[in-house]
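Notes to accompany the following structure.
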Amino acid sequence: MKKLVNDPADVVDEMLAGFVACEDGVERLPDTDVIVRSDAPVDGKVGVVTGGGSGHEPMHAGYVGEGMLDGAAAGAIFTSPPATEMSELIAAADGGEGVLAIIKNYEGDIMNFDTAAELAGVEYDQVIVDDDVAIADSTERTGRRGVAGTVFVHKVAGAMADRGEPLDEVKRVAEKAIDNVASMGVALTSCITPEKGEPTVDLNDDEIEIGIGIHGEPGVERTEIQPADEITDRLTGDVVDDLNLDDGSEAVAMVNGLGGTPLSELYVVARRLDQVLDDRSIDVHDVWVDEYCTSLDMAGCSVTLLELDDELRGLLEHPVSTPQLND
Amino acid sequence: MKKLVNDPADVVDEMLAGFVACEDGVERLPDTDVIVRSDAPVDGKVGVVTGGGSGHEPMHAGYVGEGMLDGAAAGAIFTSPPATEMSELIAAADGGEGVLAIIKNYEGDIMNFDTAAELAGVEYDQVIVDDDVAIADSTERTGRRGVAGTVFVHKVAGAMADRGEPLDEVKRVAEKAIDNVASMGVALTSCITPEKGEPTVDLNDDEIEIGIGIHGEPGVERTEIQPADEITDRLTGDVVDDLNLDDGSEAVAMVNGLGGTPLSELYVVARRLDQVLDDRSIDVHDVWVDEYCTSLDMAGCSVTLLELDDELRGLLEHPVSTPQLND
Amino acid sequence: MDDTDATTLLQTVLENVADRVADEREYLTELDSKIGDADFGANLHRGCQAALEAVDELDDPTPAEYLETVGKTLLDEMAGSSGIIFGMSLMKASAELESGVTPETLVAFTNAFRDNVAERGDVDVGSKTLYDILVPVADTLQASVEMDADEDELIDASARMVEAARRGAMFTAALRAKRGRASYTEWRSVGHPDPGAVGILIILQEIHSTAEA
Amino acid sequence: MDDTDATTLLQTVLENVADRVADEREYLTELDSKIGDADFGANLHRGCQAALEAVDELDDPTPAEYLETVGKTLLDEMAGSSGIIFGMSLMKASAELESGVTPETLVAFTNAFRDNVAERGDVDVGSKTLYDILVPVADTLQASVEMDADEDELIDASARMVEAARRGAMFTAALRAKRGRASYTEWRSVGHPDPGAVGILIILQEIHSTAEA
Ligand SMILES: Nc1ncnc2c1ncn2[C@@H]1O[C@H](COP(=O)(O)OP(=O)(O)O)[C@@H](O)[C@H]1O
Ligand SMILES: Nc1ncnc2c1ncn2[C@@H]1O[C@H](COP(=O)(O)OP(=O)(O)O)[C@@H](O)[C@H]1O
Ligand SMILES: [Mg+2]
Ligand SMILES: [Mg+2]
Ligand SMILES: [Mg+2]
Ligand SMILES: [Mg+2]
C-alpha cells in the first residue's frame, strides 16, 4: 500500500495538525479531533456544526469559517467521531442562540450526535442530509445516504446564521435545501483505506459502479466502463428525475471529484452536464467543479443538483471565507 | 483503462468546453485551445500569458483572471501547443503595453513560443521557469524542468501587471521569483495518459520515484515506499539546500498534489514540512495545500518554497480572481 | 464473587480480549469490507487498546466502575456506530453491578446491555446487527440463572452463551441487512455474517476461556 | 520530374506514411514512454491525419505549396517539440522546390530541412534526437547526386537513405540524451532509440517503397 502516511493509525491526527498549521482562521480544540473557527463561539450567532468520519477531505473542516461552519468534529477514517468530542464542539459553537447540527444520514453520526446533544445541554437542533438518489427510499433500511450535496446545505445554513437568523429559521432553510438537493456518484476504482491497505470494493479493470457511496458502500449497478458522456447522462438523469426538475426550474450544479480523478476529467463531465441541463431547459445558475466530498483515493465523481428559489440563490451567493471556499 | 473520457483524442477540447461553460470571467478564442480573460486585452496593462501541454490542471487555464494571467494556450496532453495558437494568444493579450510569456523550461514550449513571438509581431518578452531541483544544472541537458513553482511566478508577475507596472518591471519580478523558487516531487504511482492507457513509468507495489517530472519523466532515485515524514524531510531538505535558505529567511511554501493523492495525505506532508522549516528557523509566511500543478492521475506530491522579500510578499498577497484562486 | 476477585477477573478478560482482537483485526475489517466500509477491525482494536490504558489509571475500582470506564473509553476511542453502541450500553449496564457481582446482577447487566443496544440503535432482531446475537446470549444466561445455577454452573452457562452467540452470528449471515452500512448492500448482504456480531462472539469466547482457566 | 507527377507522388507518399504511422502509433508512444512522456505516437498520428485533410482542400498545388501546407499543418496540429521541428523545417525547406523537383533541388530541400532542425532545435549530432539521422540521410542523398545520379538512380539512393536512417536510429540508441525530455533520464536513456529518429526512419521507408512501386 503506497500512501503518504506515517503510522496509518495517526493519519487523522497528523492531517489535522497540518491543517491548522497551514490554514488561517481555524484552530483545534485541545486533545480533540475537532476544528473550530478561531473566533468561535460567535456571540449572538446560531452555531452551525457538523461531524463525521474522515477520508472525505476537504469535507468537513475545509468548510469551517466565516459564513459557513462554526466547527466540525473529525472521526477516524470512515468512522463517526465520538459523542464526547461532538458535545465539546456543540459547546464551543454556542454563541447563546443555540446550535444546529447538520448530520449526514449515517447511523453512527446520528447516534453519536444524539448522545452529544444530551451531554452538551445547550439549545440544540439537528437536520439529516440524505441526498444520495442511488438508494431508493425504503423503510427497511436506514434510508438514503448523505453525500456531496451536504456542502450546499452547509453553505445556505451557514449564510442564514451569518445573517443573524434564529435557530428555527436556520433549520428551516437547511431542511429546504435538503428537500431540494440530490446526488449520484460513480466509482471507476475502489478507495483504499490506510487500515486495510487494499481496495474496499473489488472492481476489475473494465468495471465501474454506478451509485457508489462515499465510504465505498455498494451502488445500484456494476457495468462496463462507458464513455464519460453516457455516464454523465445516467447520473444527471437520475438526479433530475429525483428532483422532478422541469422546464424553467433553476438549479446550481456540482461535479465533485472522489479523490483520484484529475480535474481535466471533471470538466469533461461538466461539459456534458451543462448540455443535458440545457436540453432539459433547466436554468443553470452556476456549476461547481472540484473535489468537495471525496472518498480517499477513489477514482470517479458525483453529480449534485440543488433546485434554487430566490432565497436559496441569495444564500448560496453569501460570501464565505474558509480553507476550501473563499469568495 | 478507466477514465471519465469519451474519445481520448477529444479530452482537451471537451475539458476546455466544460471549463468555459462552468467558470466565470474566462472565454475560449474561437477554434482554438486558448483560454483568455473575458475582458482581454486589458488596455494599458502588460499582458501576462503562458502555455503548455494539458494534463496539469488546474494549471494553466485555472489561473486566468484578474490579477494573474491574461490567457493560457493548452496543448494536447503533455504536448506543447502550436506556435500559431500561441501567437493568437499573444495578440489577444496585448493591451498596448507589451506581453510577457512565462514558459516552463521544456524545449517544445520554448521553440513554439519563439516562433509565436515572431508571428505575433507585438512587443514581447519571456521568462523561463526552471524550479525542479531534481535535475542538477548541467550544460549537457536542457536544464532544470519547470514544475509547480510556476504558479508563484504567475501570481507575482500577474500582480505587477495588475498594478500597471511596465513590461521590464513585470519581467524583473518574474525573474526574481524564478531565481528564488525551488521544487521537488515524488511519485507513488505513475500517471496514465489517455493515449497510452497504461502507466508511463512502471513503479512496482512498494516503489516510489523521488524527483519525478510532471510528465512522468524520470526522477533522481527509486526507493522503497517510506513514511511520509521521511519523504517530506528529503524533499524539503533538497529544496531548502538548493535555495540555501538559512536562519531568518522568510518563505511561502506549497504542498502540491499530483492528481491522485487525497487532500488528507497532503496535510500529513504539510504538517512535517511546517516542522522542518520551523527546525531550520525559516519564517513560514503561508503554506498552500491543494492540487495546483498535477500530472493527470499520478499519486504523489511536490514541495515548493519561494523565498520572500517585502516586494514578493506584497505581490503574493495581491488579490486575484481566477477559477482556481480567489482571495 | 467478591468485588476484588471480580475486578481481577475482568482485567484478565480485557487483556485476553484485547490480544484476541489484535489477531482478528484484519478478519473483522475484511468482514466489514464485504458489506460495510472496512473500519470495524480498526475500531474494535483501537477501543480495546484505549480501554487497557484507561483502566490502568483506576485506583482499586469496583466491577461497576471498571466496566463504566471501559464503556466510556469505547465511546470516546472506538467511535463509529459500534463505539457508541458498545460504549453507551456498557456504561448503562455497569450500574447493575453496583450492588455486587452475583448470578442475578450478571443477568441484569446482560439484559441492560442488550436493551440499550436496541434503544440506542433503534433495532430489533433480524436487522443483521450485533443485537441479533445479544438476544439469544442474554436468554441463555437468564435461563441458567432462573434454574438456580451457582457460580460454578455459571461457567458452563458461559459455554452455552458462546454456542448461542456462534449460532446468532451464523444467523446474521443469512439475513438481509436492514440497519447500518450493510443495509446499502440490500440483497447482496445475504451470505455475509455481521461484523459486529462476530466481534461479540469473539469477546464471549475470551470471557468463557478466561472464566474456565 | 514535372510538378504534377511530383505532387501525385507526394500524395501517395503521404497516404502511405499516414497508414504506416497509424499502425506504428503504439510502438512510437512506447518508445517515448521509455525515455519521454509517451505522447510522440499520438502527436505524429494526429499530424498525419490533419495533413491529409489539409492537402485535400488544395487546388492543384505545386510540390512546394503541397509540402508547405503539410508543414504548416504539422506545426498546428502535431504540436509539441516534434510538431514545430517537423513543421517549420518542412515549411522552410519546401521553398527549395519552387523551381521544380530535380535531384539538385531534392538535395537542397533535404539539407534545408536538416539545417532548420539544427537551428530550431539548437542541437548537433550526438544529442540523441532525430537530427542524428538527418545528417547521414542528407549526406547519402547528396553523395549520389554529386555522382550524377539520374532519377532512376535516385530510387536506389532512397534505399541507401533508408539504410543510413536505420543505422542512425541504432546510433541514437547508444547515446546519452542531451536534448528533449529524454535528457532528464540521463544515463538511463542509453539503450533506448530516439522516438523522433525512429519516426523519420518510418517515413523514409514509406517514401522509398512508394517511389519503388
Ligand atoms: N443501528 C444499529 N444498531 C445496532 N448495531 C448496529 C447499528 N448499526 C451498526 N451496528 C453494528 O455496528 C457494526 C459496524 O460497526 P462499525 O463498522 O464500527 O460502524 P460503521 O457502520 O459506522 O462503520 C455492525 O456490524 C453492526 O453490528
Ligand atoms: N531540441 C530538439 N531538437 C531536435 N529534435 C528534438 C528536440 N527536442 C525533441 N526533439 C525530437 O522530438 C521527439 C519528441 O517529440 P514529442 O514527444 O512530440 O515532444 P515532447 O518531448 O514535447 O513530448 C524526440 O524524440 C526528438 O527526436
Ligand atoms: Mg465506519
Ligand atoms: Mg510532450
Ligand atoms: Mg464500518
Ligand atoms: Mg514526448
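Ordering of the C-alpha cells sets the chain letters (A, B, ...); residue numbers start at 1 within each chain; ligands are numbered from 1 in the order shown.
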For the contact check between chain B and ligand 6, emit one row per residue of chain B within 12 Å, containing the shortest atom pair and the distance in Å rounded to one decimal, counting only C-alpha atoms and all ligand atoms, chain then rising number order, as a Markdown table.
```
| residue | atom | partner | partner_atom_place_in_ligand_line | distance |
| --- | --- | --- | --- | --- |
| B:Gly53 | CA | ligand 6 | 1 (Mg) | 10.4 |
| B:Ala76 | CA | ligand 6 | 1 (Mg) | 10.9 |
| B:Ile77 | CA | ligand 6 | 1 (Mg) | 9.8 |
| B:Phe78 | CA | ligand 6 | 1 (Mg) | 7.3 |
| B:Thr79 | CA | ligand 6 | 1 (Mg) | 6.9 |
| B:Ser80 | CA | ligand 6 | 1 (Mg) | 9.5 |
| B:Tyr106 | CA | ligand 6 | 1 (Mg) | 10.6 |
| B:Glu107 | CA | ligand 6 | 1 (Mg) | 10.6 |
| B:Gly108 | CA | ligand 6 | 1 (Mg) | 9.1 |
| B:Asp109 | CA | ligand 6 | 1 (Mg) | 11.9 |
| B:Thr193 | CA | ligand 6 | 1 (Mg) | 11.7 |
| B:Glu195 | CA | ligand 6 | 1 (Mg) | 11.7 |
| B:Lys196 | CA | ligand 6 | 1 (Mg) | 11.9 |
| B:Thr200 | CA | ligand 6 | 1 (Mg) | 11.0 |
| B:His215 | CA | ligand 6 | 1 (Mg) | 8.9 |
| B:Gly216 | CA | ligand 6 | 1 (Mg) | 10.5 |
| B:Glu217 | CA | ligand 6 | 1 (Mg) | 9.8 |
```
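Excluding Glu175 (chain B) and any residue on its chain fewer than 6 positions from it, the residues at most 9 Å away by only C-alpha atoms are Val127, Ile128, Val129 and Val153 of chain B.
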Q. Could you pull the residues within 8 Å of region 18-31 of chain A, counting only C-alpha atoms, minus those fewer than 2 positions along the same chain, as a PyMOL selection string?
A. (chain A and resi 14-16+33-39+64-65+322-323) or (chain B and resi 267-272+274+286-289)
Q | Surroundings of ligand 2 up to 8 Å, based on only C-alpha atoms and all ligand atoms, as JSON, numbers by chain | A | {"B": [78, 79, 80, 106, 107, 108, 109], "D": [32, 36, 37, 38, 39, 40, 41, 43, 44, 78, 79, 80, 81, 82, 83, 85, 117, 118, 120, 121, 122, 123, 128, 129, 130, 131, 179, 180, 181, 182, 194, 195, 196, 197]}
Q.
Taking 6 positions as the minimum chain separation for residues in the same chain, which residues sit within 12 Å of Asp59 (chain C) when counting only C-alpha atoms? Answer as number ranges by chain.
A. C: 4, 7, 65-66, 69
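Picture a line from CA of Glu66 (chain A) to CA of Ala159 (chain A); it runs 8.9 Å.
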Q | All helix (DSSP H, G or I) residues (DSSP, backbone) inside region 42-290 of chain A, as a ChimeraX atom specification | A | /A:61-63,83-93,107-120,150-162,167-179,228-242,263-279
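Closest to chain B among D:Gln142, D:Ser183, D:Thr102, D:Thr210 is D:Ser183, based on only C-alpha atoms.
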**Q.** Minimum-distance residue to ligand 3, chosen among C:Leu9, C:Leu154, C:Val125, C:Ala42 (using only C-alpha atoms and all ligand atoms)
**A.**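 Answer, going by the shortest atom-to-atom distance: C:Ala42.
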Q.
as an MDAnalysis selection string, please: every residue in region 78-245 of chain B that DSSP puts in strand (DSSP E).
A. chainID B and resid 99:104 124:129 181:187 207:210 221:224
Q: Find the spatial neighbours of region 238-240 of chain B, counting only C-alpha atoms, within a cut-off of 8 Å - ignore same-chain residues fewer than 4 positions away - and output them as a PyMOL selection string.
A: chain B and resi 133+182-184+234+244-245+303-305
Q) Do you know which residues are at most 12 Å from Gly199 (chain C) counting only C-alpha atoms, after dropping those on the same chain fewer than 6 positions away, and could you put them as an MDAnalysis selection string? A) chainID C and resid 17:18 20:22 24:29 31:32 40:45 48 82 86 129:131 133:134 162 165:166 168:169 193 205:206
(Q) Calculated over only C-alpha atoms, which of the candidates A:Val284, A:Leu243, A:Ile231, A:Ile135 has the smallest distance to chain C? (A)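 Of A:Val284, A:Leu243, A:Ile231, A:Ile135, the one nearest chain C, counting only C-alpha atoms, is A:Ile135.
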Q: Would you mind telling me which residue in D:Ile203, D:Ile84, D:Ala54, D:Val198 lies nearest to ligand 4 when using only C-alpha atoms and all ligand atoms?
A: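 Checking each candidate against ligand 4, we get D:Ile84 as the closest.
Once region 253-264 of chain B and its same-chain neighbours fewer than 6 positions away are set aside, Met15, Glu57, Gly259, Gly260, Pro262, Leu296 and Asp297 of chain A; Val287, Trp288, Val289, Asp290, Glu291, Tyr292, Thr294, Ser295, Leu296, Asp297, Met298, Ala299, Gly300, Cys301, Ser302, Val303, Thr304 and Leu305 of chain B remain within 6 Å of it when counting only C-alpha atoms.
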For the residues in the current selection, export N, CA, C and O atoms as a short mmCIF file (atom, residue, chain, number, x, y, z; two decimals), in the first residue's frame.
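Once written, again-v7.cif looks like this:
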```cif
data_model
loop_
_atom_site.label_atom_id
_atom_site.label_comp_id
_atom_site.auth_asym_id
_atom_site.auth_seq_id
_atom_site.Cartn_x
_atom_site.Cartn_y
_atom_site.Cartn_z
N MET A 15 -3.08 14.79 9.98
CA MET A 15 -3.74 15.61 8.95
C MET A 15 -4.26 16.90 9.59
O MET A 15 -4.07 18.00 9.06
N GLU A 57 -12.01 14.56 2.80
CA GLU A 57 -11.44 15.93 2.73
C GLU A 57 -11.60 16.52 1.31
O GLU A 57 -11.50 15.76 0.34
N GLY A 259 -11.57 11.97 -5.49
CA GLY A 259 -10.24 11.94 -4.88
C GLY A 259 -9.14 11.52 -5.83
O GLY A 259 -8.04 12.07 -5.83
N GLY A 260 -9.46 10.54 -6.69
CA GLY A 260 -8.40 10.02 -7.57
C GLY A 260 -8.57 10.44 -9.01
O GLY A 260 -7.80 10.02 -9.88
N PRO A 262 -8.53 13.25 -12.05
CA PRO A 262 -7.97 14.57 -12.33
C PRO A 262 -9.04 15.59 -12.74
O PRO A 262 -10.07 15.22 -13.29
N LEU A 296 -11.34 9.23 -0.04
CA LEU A 296 -9.88 8.95 -0.07
C LEU A 296 -9.37 9.04 -1.50
O LEU A 296 -9.48 10.10 -2.11
N ASP A 297 -8.88 7.93 -2.06
CA ASP A 297 -8.27 7.99 -3.40
C ASP A 297 -9.16 7.37 -4.48
O ASP A 297 -8.67 6.92 -5.50
N VAL B 287 1.32 28.54 3.83
CA VAL B 287 1.51 27.23 3.19
C VAL B 287 0.28 26.94 2.32
O VAL B 287 -0.84 26.88 2.82
N TRP B 288 0.47 26.79 1.04
CA TRP B 288 -0.62 26.44 0.10
C TRP B 288 -0.69 24.92 0.03
O TRP B 288 0.33 24.26 -0.24
N VAL B 289 -1.88 24.37 0.30
CA VAL B 289 -2.03 22.90 0.27
C VAL B 289 -3.21 22.55 -0.63
O VAL B 289 -4.37 22.80 -0.28
N ASP B 290 -2.96 22.02 -1.79
CA ASP B 290 -4.05 21.65 -2.74
C ASP B 290 -3.38 21.08 -4.00
O ASP B 290 -2.17 20.87 -4.05
N GLU B 291 -4.22 20.85 -5.04
CA GLU B 291 -3.67 20.41 -6.34
C GLU B 291 -3.54 21.65 -7.22
O GLU B 291 -4.53 22.23 -7.61
N TYR B 292 -2.29 22.10 -7.47
CA TYR B 292 -2.04 23.31 -8.25
C TYR B 292 -1.47 22.99 -9.63
O TYR B 292 -1.73 23.67 -10.60
N THR B 294 -0.76 19.41 -11.56
CA THR B 294 -0.85 17.95 -11.41
C THR B 294 -0.18 17.22 -12.57
O THR B 294 0.37 17.85 -13.49
N SER B 295 -0.24 15.93 -12.53
CA SER B 295 0.24 15.07 -13.63
C SER B 295 -0.81 13.99 -13.84
O SER B 295 -0.63 12.82 -13.47
N LEU B 296 -1.93 14.45 -14.42
CA LEU B 296 -3.11 13.59 -14.62
C LEU B 296 -3.47 12.90 -13.29
O LEU B 296 -3.79 13.60 -12.33
N ASP B 297 -3.38 11.59 -13.24
CA ASP B 297 -3.84 10.86 -12.04
C ASP B 297 -2.67 10.33 -11.21
O ASP B 297 -2.83 9.35 -10.48
N MET B 298 -1.51 10.95 -11.31
CA MET B 298 -0.34 10.45 -10.59
C MET B 298 -0.52 10.61 -9.08
O MET B 298 -0.93 11.68 -8.60
N ALA B 299 -0.25 9.55 -8.33
CA ALA B 299 -0.28 9.67 -6.85
C ALA B 299 1.09 10.17 -6.41
O ALA B 299 2.11 9.64 -6.83
N GLY B 300 1.08 11.20 -5.59
CA GLY B 300 2.35 11.76 -5.11
C GLY B 300 2.17 13.25 -4.85
O GLY B 300 1.05 13.77 -4.91
N CYS B 301 3.25 13.92 -4.54
CA CYS B 301 3.14 15.37 -4.30
C CYS B 301 4.46 16.03 -4.60
O CYS B 301 5.46 15.35 -4.88
N SER B 302 4.45 17.34 -4.59
CA SER B 302 5.73 18.07 -4.69
C SER B 302 5.73 19.15 -3.62
O SER B 302 4.68 19.62 -3.18
N VAL B 303 6.92 19.50 -3.19
CA VAL B 303 7.10 20.56 -2.21
C VAL B 303 7.80 21.71 -2.92
O VAL B 303 8.76 21.49 -3.66
N THR B 304 7.28 22.92 -2.73
CA THR B 304 7.89 24.11 -3.35
C THR B 304 8.11 25.17 -2.28
O THR B 304 7.28 25.34 -1.38
N LEU B 305 9.23 25.86 -2.37
CA LEU B 305 9.46 27.02 -1.50
C LEU B 305 9.84 28.21 -2.37
O LEU B 305 10.58 28.06 -3.34
#
```
